[in-house]
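Structure data (PDB, N, CA and C atoms, pLDDT in the B column) from start_20.pdb:
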MODEL        1
ATOM      1  N   MET A   1      -4.636 -22.163  -1.115  1.00 67.00           N
ATOM      2  CA  MET A   1      -4.038 -20.994  -0.516  1.00 67.00           C
ATOM      3  C   MET A   1      -2.748 -21.399   0.189  1.00 67.00           C
ATOM      4  N   LYS A   2      -1.693 -20.681  -0.096  1.00 73.00           N
ATOM      5  CA  LYS A   2      -0.420 -20.933   0.554  1.00 73.00           C
ATOM      6  C   LYS A   2      -0.407 -20.307   1.939  1.00 73.00           C
ATOM      7  N   LYS A   3       0.352 -20.901   2.816  1.00 81.00           N
ATOM      8  CA  LYS A   3       0.486 -20.339   4.163  1.00 81.00           C
ATOM      9  C   LYS A   3       1.530 -19.232   4.131  1.00 81.00           C
ATOM     10  N   LYS A   4       1.214 -18.107   4.780  1.00 82.00           N
ATOM     11  CA  LYS A   4       2.143 -16.979   4.817  1.00 82.00           C
ATOM     12  C   LYS A   4       3.275 -17.275   5.790  1.00 82.00           C
ATOM     13  N   SER A   5       4.476 -16.970   5.365  1.00 86.00           N
ATOM     14  CA  SER A   5       5.607 -17.111   6.272  1.00 86.00           C
ATOM     15  C   SER A   5       5.729 -15.856   7.128  1.00 86.00           C
ATOM     16  N   LYS A   6       6.511 -15.954   8.168  1.00 91.00           N
ATOM     17  CA  LYS A   6       6.662 -14.821   9.073  1.00 91.00           C
ATOM     18  C   LYS A   6       7.313 -13.632   8.377  1.00 91.00           C
ATOM     19  N   ILE A   7       8.190 -13.877   7.410  1.00 90.00           N
ATOM     20  CA  ILE A   7       8.870 -12.780   6.719  1.00 90.00           C
ATOM     21  C   ILE A   7       7.859 -11.924   5.957  1.00 90.00           C
ATOM     22  N   TRP A   8       6.820 -12.548   5.377  1.00 86.00           N
ATOM     23  CA  TRP A   8       5.791 -11.792   4.677  1.00 86.00           C
ATOM     24  C   TRP A   8       5.005 -10.922   5.650  1.00 86.00           C
ATOM     25  N   VAL A   9       4.641 -11.514   6.777  1.00 87.00           N
ATOM     26  CA  VAL A   9       3.854 -10.781   7.761  1.00 87.00           C
ATOM     27  C   VAL A   9       4.662  -9.613   8.321  1.00 87.00           C
ATOM     28  N   TYR A  10       5.920  -9.868   8.667  1.00 93.00           N
ATOM     29  CA  TYR A  10       6.766  -8.808   9.221  1.00 93.00           C
ATOM     30  C   TYR A  10       7.075  -7.728   8.192  1.00 93.00           C
ATOM     31  N   SER A  11       7.287  -8.133   6.942  1.00 91.00           N
ATOM     32  CA  SER A  11       7.587  -7.117   5.922  1.00 91.00           C
ATOM     33  C   SER A  11       6.371  -6.223   5.683  1.00 91.00           C
ATOM     34  N   GLU A  12       5.166  -6.782   5.742  1.00 89.00           N
ATOM     35  CA  GLU A  12       3.970  -5.954   5.584  1.00 89.00           C
ATOM     36  C   GLU A  12       3.824  -4.995   6.769  1.00 89.00           C
ATOM     37  N   MET A  13       4.108  -5.480   7.970  1.00 92.00           N
ATOM     38  CA  MET A  13       4.023  -4.614   9.155  1.00 92.00           C
ATOM     39  C   MET A  13       5.041  -3.485   9.082  1.00 92.00           C
ATOM     40  N   VAL A  14       6.267  -3.792   8.658  1.00 94.00           N
ATOM     41  CA  VAL A  14       7.310  -2.768   8.543  1.00 94.00           C
ATOM     42  C   VAL A  14       6.943  -1.756   7.466  1.00 94.00           C
ATOM     43  N   LEU A  15       6.426  -2.234   6.335  1.00 92.00           N
ATOM     44  CA  LEU A  15       6.028  -1.333   5.259  1.00 92.00           C
ATOM     45  C   LEU A  15       4.911  -0.394   5.711  1.00 92.00           C
ATOM     46  N   LEU A  16       3.936  -0.924   6.428  1.00 91.00           N
ATOM     47  CA  LEU A  16       2.853  -0.077   6.928  1.00 91.00           C
ATOM     48  C   LEU A  16       3.377   0.951   7.933  1.00 91.00           C
ATOM     49  N   PHE A  17       4.287   0.546   8.794  1.00 95.00           N
ATOM     50  CA  PHE A  17       4.856   1.467   9.773  1.00 95.00           C
ATOM     51  C   PHE A  17       5.677   2.560   9.096  1.00 95.00           C
ATOM     52  N   LEU A  18       6.516   2.176   8.112  1.00 94.00           N
ATOM     53  CA  LEU A  18       7.307   3.172   7.388  1.00 94.00           C
ATOM     54  C   LEU A  18       6.410   4.112   6.582  1.00 94.00           C
ATOM     55  N   GLY A  19       5.343   3.569   6.003  1.00 92.00           N
ATOM     56  CA  GLY A  19       4.384   4.419   5.299  1.00 92.00           C
ATOM     57  C   GLY A  19       3.719   5.411   6.228  1.00 92.00           C
ATOM     58  N   PHE A  20       3.400   4.961   7.453  1.00 93.00           N
ATOM     59  CA  PHE A  20       2.813   5.857   8.444  1.00 93.00           C
ATOM     60  C   PHE A  20       3.792   6.963   8.832  1.00 93.00           C
ATOM     61  N   LEU A  21       5.052   6.602   9.064  1.00 94.00           N
ATOM     62  CA  LEU A  21       6.056   7.612   9.417  1.00 94.00           C
ATOM     63  C   LEU A  21       6.282   8.598   8.279  1.00 94.00           C
ATOM     64  N   LEU A  22       6.323   8.097   7.056  1.00 93.00           N
ATOM     65  CA  LEU A  22       6.508   8.973   5.899  1.00 93.00           C
ATOM     66  C   LEU A  22       5.300   9.892   5.715  1.00 93.00           C
ATOM     67  N   ALA A  23       4.102   9.378   5.980  1.00 91.00           N
ATOM     68  CA  ALA A  23       2.909  10.223   5.886  1.00 91.00           C
ATOM     69  C   ALA A  23       2.932  11.316   6.956  1.00 91.00           C
ATOM     70  N   LEU A  24       3.390  10.986   8.167  1.00 92.00           N
ATOM     71  CA  LEU A  24       3.523  12.007   9.211  1.00 92.00           C
ATOM     72  C   LEU A  24       4.544  13.068   8.810  1.00 92.00           C
ATOM     73  N   TRP A  25       5.674  12.631   8.280  1.00 92.00           N
ATOM     74  CA  TRP A  25       6.714  13.565   7.834  1.00 92.00           C
ATOM     75  C   TRP A  25       6.180  14.457   6.717  1.00 92.00           C
ATOM     76  N   ASN A  26       5.410  13.865   5.805  1.00 91.00           N
ATOM     77  CA  ASN A  26       4.805  14.627   4.715  1.00 91.00           C
ATOM     78  C   ASN A  26       3.866  15.694   5.272  1.00 91.00           C
ATOM     79  N   GLY A  27       3.067  15.338   6.266  1.00 89.00           N
ATOM     80  CA  GLY A  27       2.128  16.291   6.844  1.00 89.00           C
ATOM     81  C   GLY A  27       2.809  17.410   7.606  1.00 89.00           C
ATOM     82  N   MET A  28       3.963  17.123   8.208  1.00 91.00           N
ATOM     83  CA  MET A  28       4.646  18.139   9.006  1.00 91.00           C
ATOM     84  C   MET A  28       5.477  19.099   8.150  1.00 91.00           C
ATOM     85  N   TYR A  29       6.095  18.615   7.085  1.00 92.00           N
ATOM     86  CA  TYR A  29       7.051  19.439   6.349  1.00 92.00           C
ATOM     87  C   TYR A  29       6.640  19.757   4.910  1.00 92.00           C
ATOM     88  N   ILE A  30       6.174  18.793   4.169  1.00 90.00           N
ATOM     89  CA  ILE A  30       5.920  19.012   2.742  1.00 90.00           C
ATOM     90  C   ILE A  30       4.458  19.362   2.479  1.00 90.00           C
ATOM     91  N   ASN A  31       3.537  18.647   3.119  1.00 90.00           N
ATOM     92  CA  ASN A  31       2.102  18.856   2.975  1.00 90.00           C
ATOM     93  C   ASN A  31       1.642  18.714   1.526  1.00 90.00           C
ATOM     94  N   SER A  32       2.037  17.610   0.901  1.00 89.00           N
ATOM     95  CA  SER A  32       1.681  17.341  -0.487  1.00 89.00           C
ATOM     96  C   SER A  32       0.686  16.181  -0.554  1.00 89.00           C
ATOM     97  N   PRO A  33      -0.517  16.430  -1.073  1.00 87.00           N
ATOM     98  CA  PRO A  33      -1.461  15.316  -1.188  1.00 87.00           C
ATOM     99  C   PRO A  33      -1.001  14.259  -2.183  1.00 87.00           C
ATOM    100  N   ALA A  34      -0.270  14.661  -3.210  1.00 89.00           N
ATOM    101  CA  ALA A  34       0.213  13.689  -4.193  1.00 89.00           C
ATOM    102  C   ALA A  34       1.174  12.699  -3.543  1.00 89.00           C
ATOM    103  N   LEU A  35       2.041  13.181  -2.661  1.00 90.00           N
ATOM    104  CA  LEU A  35       2.970  12.284  -1.970  1.00 90.00           C
ATOM    105  C   LEU A  35       2.222  11.356  -1.025  1.00 90.00           C
ATOM    106  N   LEU A  36       1.236  11.877  -0.323  1.00 92.00           N
ATOM    107  CA  LEU A  36       0.455  11.043   0.591  1.00 92.00           C
ATOM    108  C   LEU A  36      -0.263   9.929  -0.156  1.00 92.00           C
ATOM    109  N   PHE A  37      -0.912  10.261  -1.261  1.00 93.00           N
ATOM    110  CA  PHE A  37      -1.611   9.234  -2.023  1.00 93.00           C
ATOM    111  C   PHE A  37      -0.622   8.277  -2.684  1.00 93.00           C
ATOM    112  N   GLY A  38       0.556   8.758  -3.031  1.00 93.00           N
ATOM    113  CA  GLY A  38       1.594   7.868  -3.563  1.00 93.00           C
ATOM    114  C   GLY A  38       2.063   6.857  -2.530  1.00 93.00           C
ATOM    115  N   ILE A  39       2.191   7.298  -1.286  1.00 93.00           N
ATOM    116  CA  ILE A  39       2.570   6.391  -0.194  1.00 93.00           C
ATOM    117  C   ILE A  39       1.501   5.310  -0.027  1.00 93.00           C
ATOM    118  N   LEU A  40       0.247   5.727   0.007  1.00 94.00           N
ATOM    119  CA  LEU A  40      -0.846   4.765   0.158  1.00 94.00           C
ATOM    120  C   LEU A  40      -0.912   3.803  -1.026  1.00 94.00           C
ATOM    121  N   ALA A  41      -0.662   4.300  -2.228  1.00 96.00           N
ATOM    122  CA  ALA A  41      -0.665   3.433  -3.407  1.00 96.00           C
ATOM    123  C   ALA A  41       0.458   2.398  -3.311  1.00 96.00           C
ATOM    124  N   ALA A  42       1.634   2.800  -2.829  1.00 95.00           N
ATOM    125  CA  ALA A  42       2.748   1.850  -2.696  1.00 95.00           C
ATOM    126  C   ALA A  42       2.421   0.764  -1.676  1.00 95.00           C
ATOM    127  N   VAL A  43       1.797   1.138  -0.573  1.00 94.00           N
ATOM    128  CA  VAL A  43       1.428   0.150   0.447  1.00 94.00           C
ATOM    129  C   VAL A  43       0.406  -0.837  -0.119  1.00 94.00           C
ATOM    130  N   PHE A  44      -0.616  -0.324  -0.783  1.00 95.00           N
ATOM    131  CA  PHE A  44      -1.635  -1.222  -1.324  1.00 95.00           C
ATOM    132  C   PHE A  44      -1.102  -2.030  -2.510  1.00 95.00           C
ATOM    133  N   LEU A  45      -0.118  -1.509  -3.242  1.00 96.00           N
ATOM    134  CA  LEU A  45       0.492  -2.289  -4.323  1.00 96.00           C
ATOM    135  C   LEU A  45       1.230  -3.493  -3.751  1.00 96.00           C
ATOM    136  N   PHE A  46       1.978  -3.286  -2.672  1.00 94.00           N
ATOM    137  CA  PHE A  46       2.649  -4.413  -2.023  1.00 94.00           C
ATOM    138  C   PHE A  46       1.622  -5.441  -1.549  1.00 94.00           C
ATOM    139  N   ARG A  47       0.532  -4.960  -0.957  1.00 93.00           N
ATOM    140  CA  ARG A  47      -0.506  -5.877  -0.475  1.00 93.00           C
ATOM    141  C   ARG A  47      -1.164  -6.621  -1.641  1.00 93.00           C
ATOM    142  N   ALA A  48      -1.356  -5.959  -2.777  1.00 95.00           N
ATOM    143  CA  ALA A  48      -1.963  -6.615  -3.934  1.00 95.00           C
ATOM    144  C   ALA A  48      -1.048  -7.708  -4.479  1.00 95.00           C
ATOM    145  N   ILE A  49       0.243  -7.416  -4.556  1.00 94.00           N
ATOM    146  CA  ILE A  49       1.190  -8.431  -5.030  1.00 94.00           C
ATOM    147  C   ILE A  49       1.218  -9.615  -4.074  1.00 94.00           C
ATOM    148  N   GLU A  50       1.199  -9.323  -2.796  1.00 91.00           N
ATOM    149  CA  GLU A  50       1.189 -10.394  -1.797  1.00 91.00           C
ATOM    150  C   GLU A  50      -0.076 -11.240  -1.916  1.00 91.00           C
ATOM    151  N   ARG A  51      -1.228 -10.590  -2.075  1.00 92.00           N
ATOM    152  CA  ARG A  51      -2.487 -11.337  -2.190  1.00 92.00           C
ATOM    153  C   ARG A  51      -2.516 -12.169  -3.466  1.00 92.00           C
ATOM    154  N   TYR A  52      -1.928 -11.663  -4.542  1.00 94.00           N
ATOM    155  CA  TYR A  52      -1.861 -12.431  -5.783  1.00 94.00           C
ATOM    156  C   TYR A  52      -0.975 -13.660  -5.601  1.00 94.00           C
ATOM    157  N   TYR A  53       0.137 -13.485  -4.915  1.00 91.00           N
ATOM    158  CA  TYR A  53       1.072 -14.587  -4.682  1.00 91.00           C
ATOM    159  C   TYR A  53       0.436 -15.677  -3.831  1.00 91.00           C
ATOM    160  N   PHE A  54      -0.359 -15.286  -2.845  1.00 90.00           N
ATOM    161  CA  PHE A  54      -0.993 -16.262  -1.964  1.00 90.00           C
ATOM    162  C   PHE A  54      -2.382 -16.671  -2.435  1.00 90.00           C
ATOM    163  N   LYS A  55      -2.753 -16.287  -3.643  1.00 90.00           N
ATOM    164  CA  LYS A  55      -3.987 -16.698  -4.308  1.00 90.00           C
ATOM    165  C   LYS A  55      -5.257 -16.324  -3.525  1.00 90.00           C
ATOM    166  N   LEU A  56      -5.293 -15.098  -3.047  1.00 91.00           N
ATOM    167  CA  LEU A  56      -6.491 -14.557  -2.400  1.00 91.00           C
ATOM    168  C   LEU A  56      -7.124 -13.571  -3.375  1.00 91.00           C
ATOM    169  N   LYS A  57      -7.985 -14.078  -4.238  1.00 92.00           N
ATOM    170  CA  LYS A  57      -8.467 -13.289  -5.376  1.00 92.00           C
ATOM    171  C   LYS A  57      -9.291 -12.080  -4.969  1.00 92.00           C
ATOM    172  N   THR A  58     -10.214 -12.224  -4.024  1.00 94.00           N
ATOM    173  CA  THR A  58     -11.076 -11.098  -3.653  1.00 94.00           C
ATOM    174  C   THR A  58     -10.247  -9.962  -3.065  1.00 94.00           C
ATOM    175  N   GLU A  59      -9.332 -10.296  -2.165  1.00 93.00           N
ATOM    176  CA  GLU A  59      -8.480  -9.271  -1.571  1.00 93.00           C
ATOM    177  C   GLU A  59      -7.529  -8.681  -2.606  1.00 93.00           C
ATOM    178  N   PHE A  60      -7.093  -9.491  -3.574  1.00 96.00           N
ATOM    179  CA  PHE A  60      -6.237  -8.978  -4.635  1.00 96.00           C
ATOM    180  C   PHE A  60      -6.963  -7.909  -5.444  1.00 96.00           C
ATOM    181  N   PHE A  61      -8.203  -8.182  -5.833  1.00 97.00           N
ATOM    182  CA  PHE A  61      -8.954  -7.214  -6.627  1.00 97.00           C
ATOM    183  C   PHE A  61      -9.260  -5.954  -5.816  1.00 97.00           C
ATOM    184  N   PHE A  62      -9.559  -6.106  -4.530  1.00 97.00           N
ATOM    185  CA  PHE A  62      -9.789  -4.945  -3.677  1.00 97.00           C
ATOM    186  C   PHE A  62      -8.534  -4.082  -3.595  1.00 97.00           C
ATOM    187  N   ASN A  63      -7.375  -4.686  -3.351  1.00 96.00           N
ATOM    188  CA  ASN A  63      -6.137  -3.924  -3.220  1.00 96.00           C
ATOM    189  C   ASN A  63      -5.730  -3.295  -4.548  1.00 96.00           C
ATOM    190  N   THR A  64      -5.970  -3.987  -5.648  1.00 97.00           N
ATOM    191  CA  THR A  64      -5.672  -3.415  -6.957  1.00 97.00           C
ATOM    192  C   THR A  64      -6.558  -2.196  -7.230  1.00 97.00           C
ATOM    193  N   ALA A  65      -7.821  -2.286  -6.863  1.00 97.00           N
ATOM    194  CA  ALA A  65      -8.724  -1.140  -7.041  1.00 97.00           C
ATOM    195  C   ALA A  65      -8.281   0.031  -6.173  1.00 97.00           C
ATOM    196  N   MET A  66      -7.833  -0.247  -4.959  1.00 96.00           N
ATOM    197  CA  MET A  66      -7.358   0.823  -4.085  1.00 96.00           C
ATOM    198  C   MET A  66      -6.114   1.489  -4.666  1.00 96.00           C
ATOM    199  N   VAL A  67      -5.223   0.705  -5.266  1.00 97.00           N
ATOM    200  CA  VAL A  67      -4.027   1.275  -5.910  1.00 97.00           C
ATOM    201  C   VAL A  67      -4.434   2.215  -7.030  1.00 97.00           C
ATOM    202  N   LEU A  68      -5.374   1.784  -7.858  1.00 97.00           N
ATOM    203  CA  LEU A  68      -5.819   2.639  -8.969  1.00 97.00           C
ATOM    204  C   LEU A  68      -6.480   3.920  -8.462  1.00 97.00           C
ATOM    205  N   ILE A  69      -7.280   3.817  -7.414  1.00 96.00           N
ATOM    206  CA  ILE A  69      -7.926   5.008  -6.852  1.00 96.00           C
ATOM    207  C   ILE A  69      -6.890   5.974  -6.289  1.00 96.00           C
ATOM    208  N   PHE A  70      -5.909   5.452  -5.544  1.00 95.00           N
ATOM    209  CA  PHE A  70      -4.905   6.336  -4.952  1.00 95.00           C
ATOM    210  C   PHE A  70      -3.987   6.953  -6.002  1.00 95.00           C
ATOM    211  N   ILE A  71      -3.691   6.223  -7.070  1.00 95.00           N
ATOM    212  CA  ILE A  71      -2.892   6.809  -8.156  1.00 95.00           C
ATOM    213  C   ILE A  71      -3.681   7.928  -8.832  1.00 95.00           C
ATOM    214  N   LEU A  72      -4.972   7.691  -9.045  1.00 94.00           N
ATOM    215  CA  LEU A  72      -5.818   8.728  -9.635  1.00 94.00           C
ATOM    216  C   LEU A  72      -5.880   9.962  -8.738  1.00 94.00           C
ATOM    217  N   LEU A  73      -6.036   9.761  -7.429  1.00 93.00           N
ATOM    218  CA  LEU A  73      -6.067  10.876  -6.500  1.00 93.00           C
ATOM    219  C   LEU A  73      -4.729  11.595  -6.412  1.00 93.00           C
ATOM    220  N   ALA A  74      -3.640  10.871  -6.621  1.00 91.00           N
ATOM    221  CA  ALA A  74      -2.308  11.507  -6.590  1.00 91.00           C
ATOM    222  C   ALA A  74      -2.073  12.363  -7.827  1.00 91.00           C
ATOM    223  N   VAL A  75      -2.623  11.946  -8.951  1.00 92.00           N
ATOM    224  CA  VAL A  75      -2.381  12.667 -10.211  1.00 92.00           C
ATOM    225  C   VAL A  75      -3.301  13.882 -10.355  1.00 92.00           C
ATOM    226  N   MET A  76      -4.499  13.803  -9.800  1.00 90.00           N
ATOM    227  CA  MET A  76      -5.484  14.882  -9.984  1.00 90.00           C
ATOM    228  C   MET A  76      -4.977  16.255  -9.510  1.00 90.00           C
ATOM    229  N   PRO A  77      -4.330  16.399  -8.335  1.00 81.00           N
ATOM    230  CA  PRO A  77      -3.847  17.742  -7.951  1.00 81.00           C
ATOM    231  C   PRO A  77      -2.728  18.255  -8.859  1.00 81.00           C
ATOM    232  N   LEU A  78      -2.002  17.355  -9.484  1.00 82.00           N
ATOM    233  CA  LEU A  78      -0.904  17.771 -10.356  1.00 82.00           C
ATOM    234  C   LEU A  78      -1.413  18.290 -11.703  1.00 82.00           C
ATOM    235  N   LEU A  79      -2.663  17.984 -12.059  1.00 86.00           N
ATOM    236  CA  LEU A  79      -3.213  18.434 -13.338  1.00 86.00           C
ATOM    237  C   LEU A  79      -3.716  19.871 -13.299  1.00 86.00           C
ATOM    238  N   LYS A  80      -3.913  20.434 -12.128  1.00 76.00           N
ATOM    239  CA  LYS A  80      -4.436  21.797 -12.024  1.00 76.00           C
ATOM    240  C   LYS A  80      -3.406  22.838 -12.351  1.00 76.00           C
TER     241      LYS A  80
ENDMDL
END
What would you get if you wrote out this structure as structure tokens?
Amino acid sequence: MKKKSKIWVYSEMVLLFLGFLLALWNGMYINSPALLFGILAAVFLFRAIERYYFKLKTEFFFNTAMVLIFILLAVMPLLK
């Protein structure tokens, strides 16, 4: 397992914070579940890539599964 540098840790924190702000903005103005699930999928995709890079297999598979679930949840309201 590689040691995480501070830039990785800070970039994940910034991404989570920006995702939170975007989710709040979505709830106040747009109110779209597809956008909310898309935001969550982007956050977990970054985490999955990071876990793959640092060779954390269990967390990689968990984050990849979360990405697939959130993409599925984002697409389902658009099919109606």
Problem set entry | Distance of atom C of A:Val43 from atom CA of A:Leu15, expressed in Å to one decimal place |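 The value is 7.8 Å.
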Exercise. Can you tell me how far atom CA of A:Leu36 sits from atom CA of A:Ala23, in Å to one decimal?
Worked result: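 Atom CA of A:Ala23 lies at a distance of 5.9 Å from atom CA of A:Leu36.
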For this session: Give the answer as one residue: which of A:Leu68, A:Pro77, A:Asn26, A:Lys2 has the shortest atom-to-atom distance to A:Phe44, using all atoms listed in the file?
Result: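 Distance minimum relative to A:Phe44 lands on A:Leu68.
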For this session: Between atom N of A:Gly27 and atom CA of A:Arg47, measure the distance and give it in Å to one decimal.
Result: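 Here the two named atoms are 22.5 Å from each other.
In this comparison, which uses all atoms listed in the file, the residue of A:Asn31, A:Phe54, A:Asn63, A:Leu21 approaching A:Lys4 most closely is A:Phe54.
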For this session: Run through the PyMOL selection byres (((chain A and resi 75 and name CA) around 12) and name CA) on the given coordinates and return the selected residues as a PyMOL selection string.
Result: chain A and resi 32-38+41+68-74+76-80
Write the residues you've just listed into a file as an mmCIF file, in the frame of the given file, and include N, CA and C atoms for each of them.
data_model
loop_
_atom_site.group_PDB
_atom_site.id
_atom_site.type_symbol
_atom_site.label_atom_id
_atom_site.label_comp_id
_atom_site.auth_asym_id
_atom_site.auth_seq_id
_atom_site.Cartn_x
_atom_site.Cartn_y
_atom_site.Cartn_z
ATOM 1 N N SER A 32 2.037 17.610 0.901
ATOM 2 C CA SER A 32 1.681 17.341 -0.487
ATOM 3 C C SER A 32 0.686 16.181 -0.554
ATOM 4 N N PRO A 33 -0.517 16.430 -1.073
ATOM 5 C CA PRO A 33 -1.461 15.316 -1.188
ATOM 6 C C PRO A 33 -1.001 14.259 -2.183
ATOM 7 N N ALA A 34 -0.270 14.661 -3.210
ATOM 8 C CA ALA A 34 0.213 13.689 -4.193
ATOM 9 C C ALA A 34 1.174 12.699 -3.543
ATOM 10 N N LEU A 35 2.041 13.181 -2.661
ATOM 11 C CA LEU A 35 2.970 12.284 -1.970
ATOM 12 C C LEU A 35 2.222 11.356 -1.025
ATOM 13 N N LEU A 36 1.236 11.877 -0.323
ATOM 14 C CA LEU A 36 0.455 11.043 0.591
ATOM 15 C C LEU A 36 -0.263 9.929 -0.156
ATOM 16 N N PHE A 37 -0.912 10.261 -1.261
ATOM 17 C CA PHE A 37 -1.611 9.234 -2.023
ATOM 18 C C PHE A 37 -0.622 8.277 -2.684
ATOM 19 N N GLY A 38 0.556 8.758 -3.031
ATOM 20 C CA GLY A 38 1.594 7.868 -3.563
ATOM 21 C C GLY A 38 2.063 6.857 -2.530
ATOM 22 N N ALA A 41 -0.662 4.300 -2.228
ATOM 23 C CA ALA A 41 -0.665 3.433 -3.407
ATOM 24 C C ALA A 41 0.458 2.398 -3.311
ATOM 25 N N LEU A 68 -5.374 1.784 -7.858
ATOM 26 C CA LEU A 68 -5.819 2.639 -8.969
ATOM 27 C C LEU A 68 -6.480 3.920 -8.462
ATOM 28 N N ILE A 69 -7.280 3.817 -7.414
ATOM 29 C CA ILE A 69 -7.926 5.008 -6.852
ATOM 30 C C ILE A 69 -6.890 5.974 -6.289
ATOM 31 N N PHE A 70 -5.909 5.452 -5.544
ATOM 32 C CA PHE A 70 -4.905 6.336 -4.952
ATOM 33 C C PHE A 70 -3.987 6.953 -6.002
ATOM 34 N N ILE A 71 -3.691 6.223 -7.070
ATOM 35 C CA ILE A 71 -2.892 6.809 -8.156
ATOM 36 C C ILE A 71 -3.681 7.928 -8.832
ATOM 37 N N LEU A 72 -4.972 7.691 -9.045
ATOM 38 C CA LEU A 72 -5.818 8.728 -9.635
ATOM 39 C C LEU A 72 -5.880 9.962 -8.738
ATOM 40 N N LEU A 73 -6.036 9.761 -7.429
ATOM 41 C CA LEU A 73 -6.067 10.876 -6.500
ATOM 42 C C LEU A 73 -4.729 11.595 -6.412
ATOM 43 N N ALA A 74 -3.640 10.871 -6.621
ATOM 44 C CA ALA A 74 -2.308 11.507 -6.590
ATOM 45 C C ALA A 74 -2.073 12.363 -7.827
ATOM 46 N N MET A 76 -4.499 13.803 -9.800
ATOM 47 C CA MET A 76 -5.484 14.882 -9.984
ATOM 48 C C MET A 76 -4.977 16.255 -9.510
ATOM 49 N N PRO A 77 -4.330 16.399 -8.335
ATOM 50 C CA PRO A 77 -3.847 17.742 -7.951
ATOM 51 C C PRO A 77 -2.728 18.255 -8.859
ATOM 52 N N LEU A 78 -2.002 17.355 -9.484
ATOM 53 C CA LEU A 78 -0.904 17.771 -10.356
ATOM 54 C C LEU A 78 -1.413 18.290 -11.703
ATOM 55 N N LEU A 79 -2.663 17.984 -12.059
ATOM 56 C CA LEU A 79 -3.213 18.434 -13.338
ATOM 57 C C LEU A 79 -3.716 19.871 -13.299
ATOM 58 N N LYS A 80 -3.913 20.434 -12.128
ATOM 59 C CA LYS A 80 -4.436 21.797 -12.024
ATOM 60 C C LYS A 80 -3.406 22.838 -12.351
#
Problem set entry | Residue nearest A:Glu12 among A:Glu50, A:Leu24, A:Tyr29, A:Glu59 (counting only C-alpha atoms) |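 Of A:Glu50, A:Leu24, A:Tyr29, A:Glu59, the one nearest A:Glu12, counting only C-alpha atoms, is A:Glu50.
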Listed atoms of stretch 25-28 of chain A, axis-aligned box, 8 Å per side: centre and edge lengths to one decimal in Å, as lines of an AutoDock Vina configuration file?
center_x = 4.4
center_y = 15.9
center_z = 6.9
size_x = 20.6
size_y = 22.5
size_z = 20.3
